[in-house]
Amino acid sequence: MSGRARARARGVARSSFKATEVGRTQASSLPTSVDLSNNEASSSSGFMGTSRISTNRKYEISSCDAGSTFMERGVKNKRDFMDLDICTREKLAHVRDCKTGSSGIPVKLVTNLFNLDFPQDWQLYQYHVTYLPDLASRRLRIALLYSHSKLSDKAKAFDGAMLFLSQKLEEKVTELSSETQRGETVKMTITLKRELPSSSPMCIQVFNIIFRKILKKLSMYQIGRNFYNPSEPMEIPQHKLSLWPGFAISVSYFESKLLFSADVSYKVLRNETVLEFMTALCHRTGLSCFTQTCEKQLIGLIVLTRYNNRTYRIDDIDWSVRPTHTFQKRDGTEITYVDYYKQQYDITISDLNQPVLVSLLKRKRYDNSEAQLAHLIPELCFLTGLTEQATSDFQLMKAVAEKMRLSPLGRQQRLARLVDDLQRNTNARFELETWGLHFGSQVSLTGRIVPSEKILMQDHICQPVSAADWSKDVRTCKILSAQSLNTWLILCSDRTEYVANSFLNCLRRVGDSMGFIVDYPKIIKVQETPAAFVRAVQQHVDPDVQLVMCILPSNQKTYYDSIKKYLSLDCPVPSQCVLARTLNKQGMMMSIATKIAMQMTCKLGGELWAVEIPLKSLMVVGIDVCKDALSKDVMVVGCVASVNPGITRWFSRCILQRTTTDVADCLKVFMTGALNKWYKYNHDLPARIIVYRAGVGDGQLKTLIEYEVPQLLSSVAESSSNASSRLSVIVVRKKCMPRFFTEMNRTVQNPPLGTVVDSEATRNEWYDFYLISQVAGRGTVSPTYYNVIYDDNGLKPDHMQRLTFKLCHLYYNWPGLISVPAPCQYARKLTFLVAQSIHKEPSLELASFLFYL
Amino acid sequence: MEENKLQCSSVVDGNFEEVPRETVIQFKPPLYRQRYQFVKNLVEQHEPKKVADLGCGDTSLLRLLKVNPCIELLVGVDINEDKLRWRGDTLAPFMGDFLKPRDLNLTITLYHGSVVERDSRLLGFDLITCIELIEHLDSGDLARFPEVVFGYLSPSMIVISTPNSEFNPLFPSVTLRDSDHKFEWTRMEFQTWALYVANRYDYSVEFTGVGEPPAGAENVGYCTQIGIFRKNGGKAMESCVSEQHDQHVYKATMGLTMLPRLVLNFHPQAVLLPNPPKMLRLQVFTTSYPSLQQERFFKLVLVNEVSQQVESLRVSHLPRQKKQDGEWGDKPKDSKAPGPCFGPVFTEIEKAKIENSPKPFCVGDKFFVPLQRLLAYPKLNRLCANEEMMRSVIADSIPLSSDGSAVVADLRDYFDEQF
């Protein structure tokens, strides 16, 4: 396996943090939360940085009053709750009464969920408040209501229009009057709208707001919807990163009750200003292509301004403006940036040659007036989030993962500390008590460990010692099938010719023991430039060539991208890229050669191993989506389907489409292709189809049910004149709130592989379960969440769970269990290759090979 | 406490004009801002360490002052608790304050309570400001005010601003500028009061104001009149502070929840507080800022600056290397190309100091920067006085050479290969 491939495979196995905490989630983690009582707090100080620019362009300046309503402010929040309205289980007759399995060994589990106790008849009262005369300022409306004696000792949440109380007011309509400081009398009419039971979505939303308020009282710093402790930062100076430990918290309604969930989370902050970044970049690139590279690197990033705590997106860089230039303030006076920051924030700008960053301000108002621009000084802007480049830096990600890794015991201790703080802090407790709530005990439940699987090799059935990694167990076994490799090429440079030869010897040796016959290749020496590699490929690849191996001198992305692009589009031939550095690793040659041999076998259409599949005519499908790295409005949809009953051979398609169109539209094209392929190999259609759909965001469940499932159903129906295949659709999520621990020998540990949880931490409206199919090493394992949204197959929950577990064994890039079913991982791998390197639909000639491994 | 503060809540971010009340007179910048700016200038000029704002309202002035590097303790007191509570959050440190900490510690505390209560926690201040405050005090409170603020608290400097009623005829149909004002004084009235108070408590006073009268009406004076009181004989004496230490009128937040709400109405006028009990002042908010005085943050900043400097030296070391390797032959670097050029600008003395310090060097694929070299850079020199100190702070975060005299880094890193 190449270094790159390994980094990815690892990423796959244990990088749950990658997507959740480190990725470019910054943009969405702006303070968008609905905070009814402390609103505006986050957006108050300093209008500046957003100063008007003294050009002749016209910018409409406004004092944009944030008068939007609860609902509008809560768009993001709403999205999370949207999924909750969807009840899929009631339509699935076979699980309506019971969705839990029974096989396997019961195991007692502790969770990161906590009971919230409140009186049986607890209700939330929703009121609407109107003002006479009407007040435009939300801040003023809140101030008037909050200071009124009638409400002062009540627990309340208010956004300027909607008021929530836990105690009912005596009257349905209450009239209050208050006086502003200017002496105007304002009448407030408070009208009861609804009484909400504790399980209603609105109520859950209010609970979340209450808890956010409480966590703030514990002096935690809110970023997005998580809370961090900035006074205990962890540093990674060599990568200019700070990590703030904290918690992601939420209150939601699980199977039968309202639970509070908390998970340890880290905020990654960068100790690097834009100016520092630019200076370093300038040194690296030289001046000639600096501006261009700089724009490419910076535009689109989110920066944090240190003086007013706001975040901005960099939309442009104005190289013609300097800090010594002037701009026009709102009052019409001209001032230089240097003077402005000195006067306003007592900040001295030290570098007077820096350009300014330009950010297009988002409009808060609904009118269509022209956009406002803000000029920002690079020296005063901190970078946020990690760039793609950083996330692809194995060393950096390793350092981050290292810091973030927390054993189950460590995690449990952090949770205990949080709970202790919540219960001890008088302010926090008082807040809870006024709402009539009580923080209860940690939830424990019973899971089941499903039986382990046997690995089927060519002439041997193996029961691995550990399902996490069976490479040792099968070292001497022959793989299921392999094409022999007769005509192939190795491209390398003068410098790497030596390692290429010694590697070739190893490869032939390990291939031999695996049952993969490798002939001598044609070795072509090329110069160390990406262009030279592509030229050599163009010259030497003819229709007989089965595979091209490239030994890359560096991990510069252009090498990999240009080779993959040419060999997946223009001249479809499987290719294998390896970093010279990887082959240089002393004492690891055999294991590296083994991994590469396995990858090469798959790319040629071979099969490595299988597990026993009790269903005789079953097709499994994996679907994943991601955004194209170059053009952000292009969505890459990768689909993979098994084409034999043993689930060892795969058909794939990757389709690129505009983000505005629904994913569903291309599913038909793919399904028809997959079913044709199946028919070709099996002379019949599959009796059952199970689709694992990954890449589903919050609030998309409805779209899936309304558009994608019908599309899949219709393409299945159209492919056959008589009885069509039965379909199930399962949403797979690697990100979920619950964590499970086992208590053993007085300490807490990760649950064993194959642990299934299908009660208490699940949701009553859904046919869902958690499965632990990955090893977390020294960290805490995160379970994968499965939600069966459509099911014609009528498999018993036991069988569905076990089948899913079996599929987690079939990813040929890793001889062990992985966190998701293999079809999902193949689809993910495929979309990643296309989105990062190829940017076009790969040639259909490769559709039957695992060329994307 | 003043008319504008309420209006300011109707517009976001304090960036607004005074709401016109059919007035012909408008101040630019708005009058309230001129008052704050006045205080800010005063703070810059005198660099007080401990500053309190009595009648701080929505804490706008505190927010303006907190950026000042000289202030280490900033206190706000107001009678309107809800406003304090609700705006308090905006005074908490920003994310950027953790990434680039201040030099000196800063604590900001808000108390809820009357300004005419004695409270030992306000003793020993360098500056106490009462911006548009006194005109809201009824006669009883006004009578107690000098005794408490001048006599008991006795800070080095006091700033009092109040409307100048001589200016009022220029406003159409205005008797008092705010319905809560108990009085508005002429210049004569204010100065008489001020001089009496100054004399009694041994302060000297100087009068000025903000809000220039329009042309032709210069004789009415500033719209807002200001008195700056300086204590004769310098700073507050430490000894008299300790004597009175036990008089705490402010209470920690904990007790708050147990007490009945004291201020029930938004409108201070309507609050009935007959002889408020001693427990009246409550701390509603407090926050401390990260600073270089705190070891944790000092280390963070030093380690970051060192890494930054090493990185910058390392990358500037690279291109020459690359040329030697011939690796980048196809991308000639045109040193004459016009383009941006940044990085810190050094004075001649600084340049010489850097030039004379030991140079970075390479051994194999390792890059060494002597600590002495790092210390030559002004940014690091400012943080760290000597090599020994630098070594001890960064040792467990940054790899050092075996003799501890230099920082070691890999000559090439992942990013270099990307360009």
# chains A, B, ... in the order shown; residues from 1 in each chain; ligands from 1
>>> residues_around(residues="Gly227 (chain B)", least_positions_apart="5", cutoff="6 Å", atoms="only C-alpha atoms", output="count of residues only")
4
>>> closest_residue(among="B:Cys56, B:Val148, B:Val116, B:Ala376", to="Lys351 (chain B)", atoms="only C-alpha atoms")
B:Ala376
>>> closest_residue(among="B:Tyr377, B:Phe190, B:Phe346, B:Tyr32", to="Glu305 (chain B)", atoms="only C-alpha atoms")
B:Tyr377
>>> residues_around(residues="Leu300 (chain B)", least_positions_apart="2", cutoff="9 Å", atoms="only C-alpha atoms", output="PyMOL selection string")
(chain A and resi 235+237) or (chain B and resi 99+295-298+302-305+394)
>>> select_by_dssp(residues="region 208-335 of chain A", states="strand (DSSP E)", output="PyMOL selection string")
chain A and resi 221-223+226-228+234-236+241-253+258-273+302-305+311-313+316-318+326-328+334-335
>>> closest_residue(among="A:Leu846, A:Cys381, A:Cys654, A:Val756", to="Ala827 (chain A)", atoms="only C-alpha atoms")
A:Cys654
>>> select_by_dssp(residues="region 702-833 of chain A", states="alpha helix (DSSP H)", output="number ranges by chain")
A: 702-703, 709-718, 797-807, 822-833
>>> write_last_selection(atoms="N, CA, C and O atoms", output="short mmCIF file (atom, residue, chain, number, x, y, z; two decimals), in the first residue's frame")
data_model
loop_
_atom_site.label_atom_id
_atom_site.label_comp_id
_atom_site.auth_asym_id
_atom_site.auth_seq_id
_atom_site.Cartn_x
_atom_site.Cartn_y
_atom_site.Cartn_z
N LYS A 702 -36.01 13.21 4.93
CA LYS A 702 -37.27 13.35 4.20
C LYS A 702 -37.04 13.21 2.69
O LYS A 702 -37.77 12.49 2.02
N THR A 703 -36.02 13.90 2.20
CA THR A 703 -35.70 13.82 0.77
C THR A 703 -35.40 12.38 0.38
O THR A 703 -35.80 11.91 -0.69
N VAL A 709 -35.80 6.72 -2.42
CA VAL A 709 -36.37 5.38 -2.31
C VAL A 709 -37.30 5.09 -3.50
O VAL A 709 -37.16 4.04 -4.13
N PRO A 710 -38.21 6.00 -3.86
CA PRO A 710 -39.05 5.73 -5.04
C PRO A 710 -38.24 5.53 -6.32
O PRO A 710 -38.57 4.67 -7.13
N GLN A 711 -37.16 6.30 -6.48
CA GLN A 711 -36.31 6.13 -7.67
C GLN A 711 -35.71 4.73 -7.70
O GLN A 711 -35.72 4.07 -8.74
N LEU A 712 -35.20 4.31 -6.56
CA LEU A 712 -34.61 2.97 -6.49
C LEU A 712 -35.67 1.92 -6.79
O LEU A 712 -35.45 1.00 -7.58
N LEU A 713 -36.85 2.10 -6.20
CA LEU A 713 -37.93 1.14 -6.40
C LEU A 713 -38.33 1.05 -7.87
O LEU A 713 -38.49 -0.03 -8.41
N SER A 714 -38.42 2.20 -8.51
CA SER A 714 -38.88 2.18 -9.89
C SER A 714 -37.82 1.56 -10.81
O SER A 714 -38.14 0.81 -11.72
N SER A 715 -36.54 1.84 -10.53
CA SER A 715 -35.54 1.22 -11.41
C SER A 715 -35.49 -0.28 -11.21
O SER A 715 -35.24 -1.03 -12.16
N VAL A 716 -35.76 -0.73 -9.99
CA VAL A 716 -35.81 -2.17 -9.75
C VAL A 716 -37.02 -2.77 -10.46
O VAL A 716 -36.91 -3.79 -11.14
N ALA A 717 -38.14 -2.08 -10.36
CA ALA A 717 -39.37 -2.59 -10.97
C ALA A 717 -39.25 -2.66 -12.50
O ALA A 717 -39.68 -3.62 -13.13
N GLU A 718 -38.63 -1.64 -13.08
CA GLU A 718 -38.53 -1.58 -14.54
C GLU A 718 -37.60 -2.63 -15.11
O GLU A 718 -37.71 -3.00 -16.28
N PRO A 797 -34.86 -8.39 12.63
CA PRO A 797 -33.81 -7.46 13.08
C PRO A 797 -32.49 -8.17 13.34
O PRO A 797 -31.43 -7.67 12.96
N ASP A 798 -32.55 -9.35 13.95
CA ASP A 798 -31.35 -10.14 14.18
C ASP A 798 -30.55 -10.33 12.89
O ASP A 798 -29.33 -10.17 12.86
N HIS A 799 -31.27 -10.71 11.86
CA HIS A 799 -30.60 -11.02 10.59
C HIS A 799 -30.06 -9.77 9.92
O HIS A 799 -28.97 -9.78 9.34
N MET A 800 -30.83 -8.69 10.00
CA MET A 800 -30.36 -7.44 9.42
C MET A 800 -29.07 -6.99 10.10
O MET A 800 -28.12 -6.58 9.45
N GLN A 801 -29.05 -7.10 11.42
CA GLN A 801 -27.87 -6.67 12.16
C GLN A 801 -26.66 -7.54 11.84
O GLN A 801 -25.56 -7.05 11.62
N ARG A 802 -26.91 -8.84 11.76
CA ARG A 802 -25.78 -9.75 11.50
C ARG A 802 -25.26 -9.60 10.08
O ARG A 802 -24.05 -9.65 9.84
N LEU A 803 -26.19 -9.42 9.14
CA LEU A 803 -25.77 -9.23 7.76
C LEU A 803 -24.89 -7.97 7.65
O LEU A 803 -23.83 -7.98 7.01
N THR A 804 -25.31 -6.90 8.31
CA THR A 804 -24.54 -5.66 8.30
C THR A 804 -23.14 -5.89 8.86
O THR A 804 -22.15 -5.44 8.31
N PHE A 805 -23.10 -6.65 9.94
CA PHE A 805 -21.81 -6.97 10.55
C PHE A 805 -20.92 -7.76 9.58
O PHE A 805 -19.74 -7.49 9.44
N LYS A 806 -21.52 -8.72 8.90
CA LYS A 806 -20.76 -9.52 7.93
C LYS A 806 -20.15 -8.61 6.86
O LYS A 806 -19.00 -8.78 6.46
N LEU A 807 -20.94 -7.65 6.41
CA LEU A 807 -20.46 -6.80 5.32
C LEU A 807 -19.29 -5.92 5.74
O LEU A 807 -18.53 -5.44 4.90
N ALA A 822 -18.71 -2.82 3.76
CA ALA A 822 -17.76 -2.64 2.66
C ALA A 822 -18.32 -1.82 1.49
O ALA A 822 -17.61 -0.95 0.98
N PRO A 823 -19.55 -2.06 1.03
CA PRO A 823 -20.03 -1.26 -0.10
C PRO A 823 -19.97 0.24 0.17
O PRO A 823 -19.67 1.02 -0.73
N CYS A 824 -20.26 0.65 1.40
CA CYS A 824 -20.17 2.07 1.75
C CYS A 824 -18.75 2.57 1.62
O CYS A 824 -18.49 3.66 1.13
N GLN A 825 -17.82 1.76 2.10
CA GLN A 825 -16.43 2.18 2.09
C GLN A 825 -15.89 2.23 0.66
O GLN A 825 -15.14 3.13 0.31
N TYR A 826 -16.31 1.28 -0.18
CA TYR A 826 -15.90 1.33 -1.59
C TYR A 826 -16.45 2.59 -2.24
O TYR A 826 -15.76 3.28 -2.98
N ALA A 827 -17.72 2.89 -1.97
CA ALA A 827 -18.33 4.06 -2.56
C ALA A 827 -17.60 5.32 -2.11
O ALA A 827 -17.37 6.25 -2.88
N ARG A 828 -17.20 5.33 -0.86
CA ARG A 828 -16.50 6.47 -0.31
C ARG A 828 -15.14 6.66 -0.97
O ARG A 828 -14.74 7.76 -1.33
N LYS A 829 -14.46 5.54 -1.13
CA LYS A 829 -13.15 5.54 -1.76
C LYS A 829 -13.25 6.07 -3.19
O LYS A 829 -12.43 6.86 -3.64
N LEU A 830 -14.27 5.62 -3.87
CA LEU A 830 -14.48 6.01 -5.26
C LEU A 830 -14.78 7.51 -5.37
O LEU A 830 -14.17 8.21 -6.16
N THR A 831 -15.70 7.99 -4.54
CA THR A 831 -16.03 9.41 -4.60
C THR A 831 -14.81 10.25 -4.23
O THR A 831 -14.58 11.29 -4.82
N PHE A 832 -14.02 9.76 -3.31
CA PHE A 832 -12.85 10.52 -2.89
C PHE A 832 -11.85 10.66 -4.05
O PHE A 832 -11.34 11.74 -4.32
N LEU A 833 -11.62 9.54 -4.73
CA LEU A 833 -10.68 9.58 -5.86
C LEU A 833 -11.17 10.55 -6.93
O LEU A 833 -10.41 11.36 -7.46
#
>>> closest_residue(among="A:Pro355, A:Gly638, A:Gly754, A:Pro543", to="chain B", atoms="only C-alpha atoms")
A:Pro355
>>> residues_around(residues="Tyr767 (chain A)", least_positions_apart="4", cutoff="6 Å", atoms="only C-alpha atoms", output="PyMOL selection string")
chain A and resi 89+787-788
>>> write_last_selection(atoms="C-alpha atoms", output="short mmCIF file (atom, residue, chain, number, x, y, z; two decimals), in the first residue's frame")
data_model
loop_
_atom_site.label_atom_id
_atom_site.label_comp_id
_atom_site.auth_asym_id
_atom_site.auth_seq_id
_atom_site.Cartn_x
_atom_site.Cartn_y
_atom_site.Cartn_z
CA ARG A 89 -41.03 2.42 11.62
CA ASN A 787 -31.42 3.50 10.36
CA VAL A 788 -33.51 1.21 8.17
#
>>> closest_residue(among="A:Gly695, A:Gly385, A:Pro451, A:Gly794", to="Asp624 (chain A)", atoms="only C-alpha atoms")
A:Gly695
>>> closest_residue(among="B:Leu61, B:Leu91, B:Leu176, B:Leu282", to="His112 (chain B)", atoms="only C-alpha atoms")
B:Leu282
>>> residues_around(residues="region 565-573 of chain A", least_positions_apart="2", cutoff="7 Å", atoms="only C-alpha atoms", output="ChimeraX atom specification")
/A:546-547,561-563,575,837-838,842-843,845-846
